[in-house]
Amino acid sequence: MKPFFFVALVLALSPLARGADQDKAAAALSRGLAFLAAQQQEDGSFGADRFRGSVGVTSLAGMALMADEAQAGRVKQAVNYLLSVQNEQGLFKGSMYDHGYATLFLARYWQANPQPDTREKLEKAVELIVRSQNAAGGWR
């Protein structure tokens, strides 16, 4: 799992590398995205071992893959997986951290691909976050 998280971190920080050598940064980004794409499970999820099917890992990988239009099919598979593991109240399986990552990913996806069914599920996810806030302003 360590290489997976390392690549995800590199992808997250990749805009910082653009100032140095754009060609090298673009090649590294391309290799990182190819690695991530190869890690996707048949059901559209990401993660291995105890993280297999993780909503958080799938969401972070999906956001990274959104950097490459050629990965649109894989991004859609990740979205479909997340939508399949959301319950009626709007909660994605896993922790509230996982739920937060999934909500962020779906919001970014929906912004680029507005579809009524995705919006409905996204609204439920956001409403759950709002309802879960405690009197002190936090979520614990």
# chains A, B, ... in the order shown; residues from 1 in each chain; ligands from 1

call {"tool": "select_by_dssp", "arguments": {"residues": "range 5-137 of chain A", "states": "helix (DSSP H, G or I)", "output": "count of residues only"}}
result
94

call {"tool": "closest_atom_pairs", "arguments": {"of": "range 89-126 of chain A", "to": "range 70-79 of chain A", "cutoff": "10 Å", "atoms": "only C-alpha atoms", "output": "CSV"}}
result
residue,atom,partner,partner_atom,distance
A:Ala102,CA,A:Val79,CA,8.8
A:Phe105,CA,A:Val79,CA,8.3
A:Leu106,CA,A:Val79,CA,7.0
A:Tyr109,CA,A:Val79,CA,8.1
A:Trp110,CA,A:Val79,CA,9.8
A:Asn113,CA,A:Lys76,CA,9.8
A:Thr118,CA,A:Val79,CA,8.7

call {"tool": "write_last_selection", "arguments": {"atoms": "N, CA and C atoms", "output": "CSV table (one decimal), in the first residue's frame"}}
result
chain,number,residue,atom,x,y,z
A,102,ALA,N,-15.5,11.3,-0.3
A,102,ALA,CA,-16.4,10.9,-1.3
A,102,ALA,C,-17.3,12.1,-1.7
A,105,PHE,N,-15.2,14.5,-3.9
A,105,PHE,CA,-14.9,13.9,-5.2
A,105,PHE,C,-16.2,14.0,-6.0
A,106,LEU,N,-17.3,13.6,-5.5
A,106,LEU,CA,-18.6,13.7,-6.2
A,106,LEU,C,-18.9,15.1,-6.6
A,109,TYR,N,-16.7,15.9,-9.5
A,109,TYR,CA,-17.2,15.2,-10.7
A,109,TYR,C,-18.5,15.8,-11.2
A,110,TRP,N,-19.4,16.1,-10.3
A,110,TRP,CA,-20.7,16.7,-10.8
A,110,TRP,C,-20.5,18.0,-11.4
A,113,ASN,N,-19.6,17.1,-14.8
A,113,ASN,CA,-20.5,16.2,-15.5
A,113,ASN,C,-21.9,16.3,-14.8
A,118,THR,N,-26.7,11.9,-10.0
A,118,THR,CA,-25.5,12.2,-9.2
A,118,THR,C,-25.8,13.4,-8.3

call {"tool": "residues_around", "arguments": {"residues": "range 122-130 of chain A", "least_positions_apart": "4", "cutoff": "10 Å", "atoms": "only C-alpha atoms", "output": "PyMOL selection string"}}
result
chain A and resi 83+86-92+96+99-100+102-107+110+116-118+134+139

call {"tool": "write_last_selection", "arguments": {"atoms": "N, CA and C atoms", "output": "compact mmCIF listing (two decimals), in the first residue's frame"}}
result
# COMPACT_ATOMS: atom_id res chain seq x y z
N LEU A 83 -21.45 5.60 -5.60
CA LEU A 83 -22.91 5.71 -5.55
C LEU A 83 -23.56 4.41 -5.11
N GLN A 86 -23.55 4.06 -1.09
CA GLN A 86 -24.18 5.13 -0.31
C GLN A 86 -25.53 4.62 0.18
N ASN A 87 -25.82 4.82 1.47
CA ASN A 87 -27.10 4.34 1.99
C ASN A 87 -28.21 5.38 1.78
N GLU A 88 -29.40 5.05 2.18
CA GLU A 88 -30.57 5.91 1.97
C GLU A 88 -30.45 7.26 2.66
N GLN A 89 -29.73 7.30 3.79
CA GLN A 89 -29.56 8.56 4.51
C GLN A 89 -28.48 9.44 3.89
N GLY A 90 -27.76 8.90 2.91
CA GLY A 90 -26.72 9.67 2.22
C GLY A 90 -25.31 9.34 2.65
N LEU A 91 -25.15 8.44 3.63
CA LEU A 91 -23.82 8.10 4.15
C LEU A 91 -23.12 7.08 3.25
N PHE A 92 -21.88 7.39 2.90
CA PHE A 92 -21.04 6.42 2.18
C PHE A 92 -20.44 5.48 3.21
N MET A 96 -16.63 8.95 8.69
CA MET A 96 -17.01 10.29 8.21
C MET A 96 -15.88 10.90 7.37
N HIS A 99 -16.52 9.56 4.07
CA HIS A 99 -17.71 10.26 3.57
C HIS A 99 -17.33 11.65 3.04
N GLY A 100 -16.49 12.35 3.77
CA GLY A 100 -16.05 13.68 3.34
C GLY A 100 -15.29 13.65 2.02
N ALA A 102 -15.50 11.33 -0.27
CA ALA A 102 -16.44 10.93 -1.32
C ALA A 102 -17.31 12.12 -1.74
N THR A 103 -17.74 12.90 -0.77
CA THR A 103 -18.57 14.07 -1.08
C THR A 103 -17.78 15.09 -1.90
N LEU A 104 -16.54 15.32 -1.52
CA LEU A 104 -15.69 16.25 -2.27
C LEU A 104 -15.48 15.75 -3.70
N PHE A 105 -15.16 14.47 -3.85
CA PHE A 105 -14.95 13.90 -5.18
C PHE A 105 -16.21 14.00 -6.03
N LEU A 106 -17.35 13.63 -5.46
CA LEU A 106 -18.60 13.70 -6.23
C LEU A 106 -18.94 15.14 -6.62
N ALA A 107 -18.65 16.08 -5.74
CA ALA A 107 -18.91 17.49 -6.07
C ALA A 107 -18.04 17.94 -7.24
N TRP A 110 -19.41 16.10 -10.32
CA TRP A 110 -20.69 16.65 -10.76
C TRP A 110 -20.50 18.02 -11.42
N PRO A 116 -28.59 14.53 -13.12
CA PRO A 116 -29.58 14.58 -12.03
C PRO A 116 -29.40 13.50 -10.96
N ASP A 117 -29.08 12.26 -11.37
CA ASP A 117 -28.94 11.21 -10.36
C ASP A 117 -27.74 11.44 -9.46
N THR A 118 -26.65 11.94 -10.03
CA THR A 118 -25.47 12.24 -9.22
C THR A 118 -25.75 13.41 -8.29
N ASN A 134 -22.10 19.06 15.30
CA ASN A 134 -22.55 19.16 16.69
C ASN A 134 -22.71 20.63 17.11
N TRP A 139 -17.60 17.94 14.28
CA TRP A 139 -18.27 16.71 13.89
C TRP A 139 -17.92 15.55 14.81

call {"tool": "residues_around", "arguments": {"residues": "Phe46 in chain A", "least_positions_apart": "3", "cutoff": "10 Å", "atoms": "only C-alpha atoms", "output": "list of chain:residue names"}}
result
A:Phe4, A:Leu36, A:Ala37, A:Ala38, A:Gln39, A:Gln40, A:Gln41, A:Glu42, A:Asp43, A:Phe51, A:Arg52, A:Gly53, A:Ser54, A:Val55, A:Gly56, A:Val57, A:Thr58, A:Ser59, A:Leu60, A:Ala61, A:Gly62, A:Ala78, A:Tyr81

call {"tool": "atom_distance", "arguments": {"atom1": "CA of Gln133 in chain A", "atom2": "CA of Arg119 in chain A"}}
result
21.5 Å

call {"tool": "atom_distance", "arguments": {"atom1": "CA of Ser95 in chain A", "atom2": "CA of Ala34 in chain A"}}
result
27.9 Å

call {"tool": "decode", "arguments": {"residues": "range 9-138 of chain A", "atoms": "C-alpha atoms", "output": "mmCIF file, in the first residue's frame"}}
result
data_model
loop_
_atom_site.group_PDB
_atom_site.id
_atom_site.type_symbol
_atom_site.label_atom_id
_atom_site.label_comp_id
_atom_site.auth_asym_id
_atom_site.auth_seq_id
_atom_site.Cartn_x
_atom_site.Cartn_y
_atom_site.Cartn_z
ATOM 1 C CA LEU A 9 0.713 12.288 -2.576
ATOM 2 C CA VAL A 10 2.954 13.061 -5.549
ATOM 3 C CA LEU A 11 -0.128 13.615 -7.701
ATOM 4 C CA ALA A 12 -1.616 15.918 -5.109
ATOM 5 C CA LEU A 13 1.583 17.970 -5.004
ATOM 6 C CA SER A 14 2.301 17.841 -8.746
ATOM 7 C CA PRO A 15 1.331 21.484 -9.450
ATOM 8 C CA LEU A 16 4.299 22.490 -7.263
ATOM 9 C CA ALA A 17 6.677 20.647 -9.598
ATOM 10 C CA ARG A 18 5.548 22.490 -12.716
ATOM 11 C CA GLY A 19 7.889 25.407 -12.115
ATOM 12 C CA ALA A 20 11.021 23.228 -12.182
ATOM 13 C CA ASP A 21 10.903 21.105 -15.309
ATOM 14 C CA GLN A 22 7.502 20.839 -16.937
ATOM 15 C CA ASP A 23 8.430 17.898 -19.162
ATOM 16 C CA LYS A 24 9.722 15.823 -16.246
ATOM 17 C CA ALA A 25 6.723 16.782 -14.116
ATOM 18 C CA ALA A 26 4.310 15.859 -16.924
ATOM 19 C CA ALA A 27 6.051 12.497 -17.409
ATOM 20 C CA ALA A 28 5.926 11.791 -13.659
ATOM 21 C CA LEU A 29 2.257 12.731 -13.547
ATOM 22 C CA SER A 30 1.540 10.461 -16.503
ATOM 23 C CA ARG A 31 3.351 7.532 -14.843
ATOM 24 C CA GLY A 32 1.523 8.176 -11.580
ATOM 25 C CA LEU A 33 -1.865 8.226 -13.280
ATOM 26 C CA ALA A 34 -1.052 5.040 -15.174
ATOM 27 C CA PHE A 35 -0.092 3.383 -11.888
ATOM 28 C CA LEU A 36 -3.338 4.500 -10.251
ATOM 29 C CA ALA A 37 -5.414 3.332 -13.209
ATOM 30 C CA ALA A 38 -3.819 -0.109 -12.976
ATOM 31 C CA GLN A 39 -4.860 -0.367 -9.315
ATOM 32 C CA GLN A 40 -8.591 -0.017 -9.977
ATOM 33 C CA GLN A 41 -10.673 -3.056 -9.036
ATOM 34 C CA GLU A 42 -13.349 -4.536 -11.301
ATOM 35 C CA ASP A 43 -16.103 -2.927 -9.224
ATOM 36 C CA GLY A 44 -14.572 0.535 -9.783
ATOM 37 C CA SER A 45 -13.060 0.824 -6.311
ATOM 38 C CA PHE A 46 -9.428 1.308 -5.338
ATOM 39 C CA GLY A 47 -7.382 -0.061 -2.477
ATOM 40 C CA ALA A 48 -5.838 -3.369 -1.539
ATOM 41 C CA ASP A 49 -5.743 -5.648 1.455
ATOM 42 C CA ARG A 50 -7.592 -4.024 4.365
ATOM 43 C CA PHE A 51 -8.163 -0.909 2.257
ATOM 44 C CA ARG A 52 -9.827 -2.803 -0.596
ATOM 45 C CA GLY A 53 -13.032 -1.015 -1.509
ATOM 46 C CA SER A 54 -12.169 1.959 0.689
ATOM 47 C CA VAL A 55 -14.443 4.902 -0.053
ATOM 48 C CA GLY A 56 -11.704 7.355 0.932
ATOM 49 C CA VAL A 57 -8.986 5.726 -1.181
ATOM 50 C CA THR A 58 -11.376 5.407 -4.130
ATOM 51 C CA SER A 59 -12.341 9.071 -3.835
ATOM 52 C CA LEU A 60 -8.750 10.311 -3.673
ATOM 53 C CA ALA A 61 -7.717 8.112 -6.596
ATOM 54 C CA GLY A 62 -10.747 9.299 -8.575
ATOM 55 C CA MET A 63 -9.846 12.939 -7.969
ATOM 56 C CA ALA A 64 -6.298 12.273 -9.134
ATOM 57 C CA LEU A 65 -7.537 10.519 -12.286
ATOM 58 C CA MET A 66 -9.686 13.545 -13.102
ATOM 59 C CA ALA A 67 -6.405 15.247 -14.066
ATOM 60 C CA ASP A 68 -6.328 13.140 -17.249
ATOM 61 C CA GLU A 69 -9.293 13.296 -19.631
ATOM 62 C CA ALA A 70 -8.226 9.923 -21.055
ATOM 63 C CA GLN A 71 -9.147 8.379 -17.679
ATOM 64 C CA ALA A 72 -12.781 9.560 -17.833
ATOM 65 C CA GLY A 73 -14.070 5.973 -18.012
ATOM 66 C CA ARG A 74 -12.149 4.987 -14.902
ATOM 67 C CA VAL A 75 -13.364 8.100 -13.089
ATOM 68 C CA LYS A 76 -16.944 7.180 -13.952
ATOM 69 C CA GLN A 77 -16.352 3.642 -12.647
ATOM 70 C CA ALA A 78 -15.142 5.112 -9.341
ATOM 71 C CA VAL A 79 -18.220 7.350 -9.192
ATOM 72 C CA ASN A 80 -20.500 4.387 -9.872
ATOM 73 C CA TYR A 81 -18.812 2.412 -7.099
ATOM 74 C CA LEU A 82 -19.282 5.247 -4.616
ATOM 75 C CA LEU A 83 -22.911 5.715 -5.550
ATOM 76 C CA SER A 84 -23.451 1.984 -5.023
ATOM 77 C CA VAL A 85 -22.142 2.119 -1.433
ATOM 78 C CA GLN A 86 -24.176 5.126 -0.310
ATOM 79 C CA ASN A 87 -27.104 4.336 1.987
ATOM 80 C CA GLU A 88 -30.572 5.912 1.967
ATOM 81 C CA GLN A 89 -29.558 8.563 4.509
ATOM 82 C CA GLY A 90 -26.720 9.667 2.225
ATOM 83 C CA LEU A 91 -23.819 8.099 4.148
ATOM 84 C CA PHE A 92 -21.043 6.425 2.184
ATOM 85 C CA LYS A 93 -19.734 3.248 3.820
ATOM 86 C CA GLY A 94 -16.773 3.758 6.108
ATOM 87 C CA SER A 95 -15.952 6.657 8.382
ATOM 88 C CA MET A 96 -17.006 10.290 8.208
ATOM 89 C CA TYR A 97 -13.541 10.959 6.779
ATOM 90 C CA ASP A 98 -14.329 8.567 3.940
ATOM 91 C CA HIS A 99 -17.710 10.262 3.568
ATOM 92 C CA GLY A 100 -16.050 13.677 3.337
ATOM 93 C CA TYR A 101 -13.620 12.560 0.632
ATOM 94 C CA ALA A 102 -16.442 10.930 -1.317
ATOM 95 C CA THR A 103 -18.574 14.071 -1.080
ATOM 96 C CA LEU A 104 -15.686 16.248 -2.272
ATOM 97 C CA PHE A 105 -14.946 13.895 -5.183
ATOM 98 C CA LEU A 106 -18.599 13.701 -6.227
ATOM 99 C CA ALA A 107 -18.905 17.489 -6.067
ATOM 100 C CA ARG A 108 -15.885 17.903 -8.337
ATOM 101 C CA TYR A 109 -17.182 15.196 -10.664
ATOM 102 C CA TRP A 110 -20.694 16.652 -10.760
ATOM 103 C CA GLN A 111 -19.300 20.122 -11.554
ATOM 104 C CA ALA A 112 -17.708 18.700 -14.713
ATOM 105 C CA ASN A 113 -20.513 16.198 -15.477
ATOM 106 C CA PRO A 114 -23.836 17.502 -14.164
ATOM 107 C CA GLN A 115 -26.322 14.636 -14.041
ATOM 108 C CA PRO A 116 -29.576 14.577 -12.030
ATOM 109 C CA ASP A 117 -28.944 11.206 -10.362
ATOM 110 C CA THR A 118 -25.465 12.240 -9.224
ATOM 111 C CA ARG A 119 -26.771 15.570 -7.947
ATOM 112 C CA GLU A 120 -29.469 13.868 -5.889
ATOM 113 C CA LYS A 121 -26.937 11.567 -4.214
ATOM 114 C CA LEU A 122 -24.517 14.473 -3.704
ATOM 115 C CA GLU A 123 -27.232 16.558 -2.046
ATOM 116 C CA LYS A 124 -27.972 13.688 0.364
ATOM 117 C CA ALA A 125 -24.275 13.444 1.219
ATOM 118 C CA VAL A 126 -24.013 17.174 1.920
ATOM 119 C CA GLU A 127 -27.232 17.194 3.948
ATOM 120 C CA LEU A 128 -25.851 14.380 6.100
ATOM 121 C CA ILE A 129 -22.690 16.401 6.775
ATOM 122 C CA VAL A 130 -24.773 19.413 7.797
ATOM 123 C CA ARG A 131 -27.032 17.301 10.047
ATOM 124 C CA SER A 132 -24.013 15.656 11.675
ATOM 125 C CA GLN A 133 -22.437 18.888 12.891
ATOM 126 C CA ASN A 134 -22.555 19.158 16.685
ATOM 127 C CA ALA A 135 -23.503 22.182 18.810
ATOM 128 C CA ALA A 136 -19.850 23.161 19.212
ATOM 129 C CA GLY A 137 -19.457 23.446 15.442
ATOM 130 C CA GLY A 138 -17.469 20.245 14.909
#
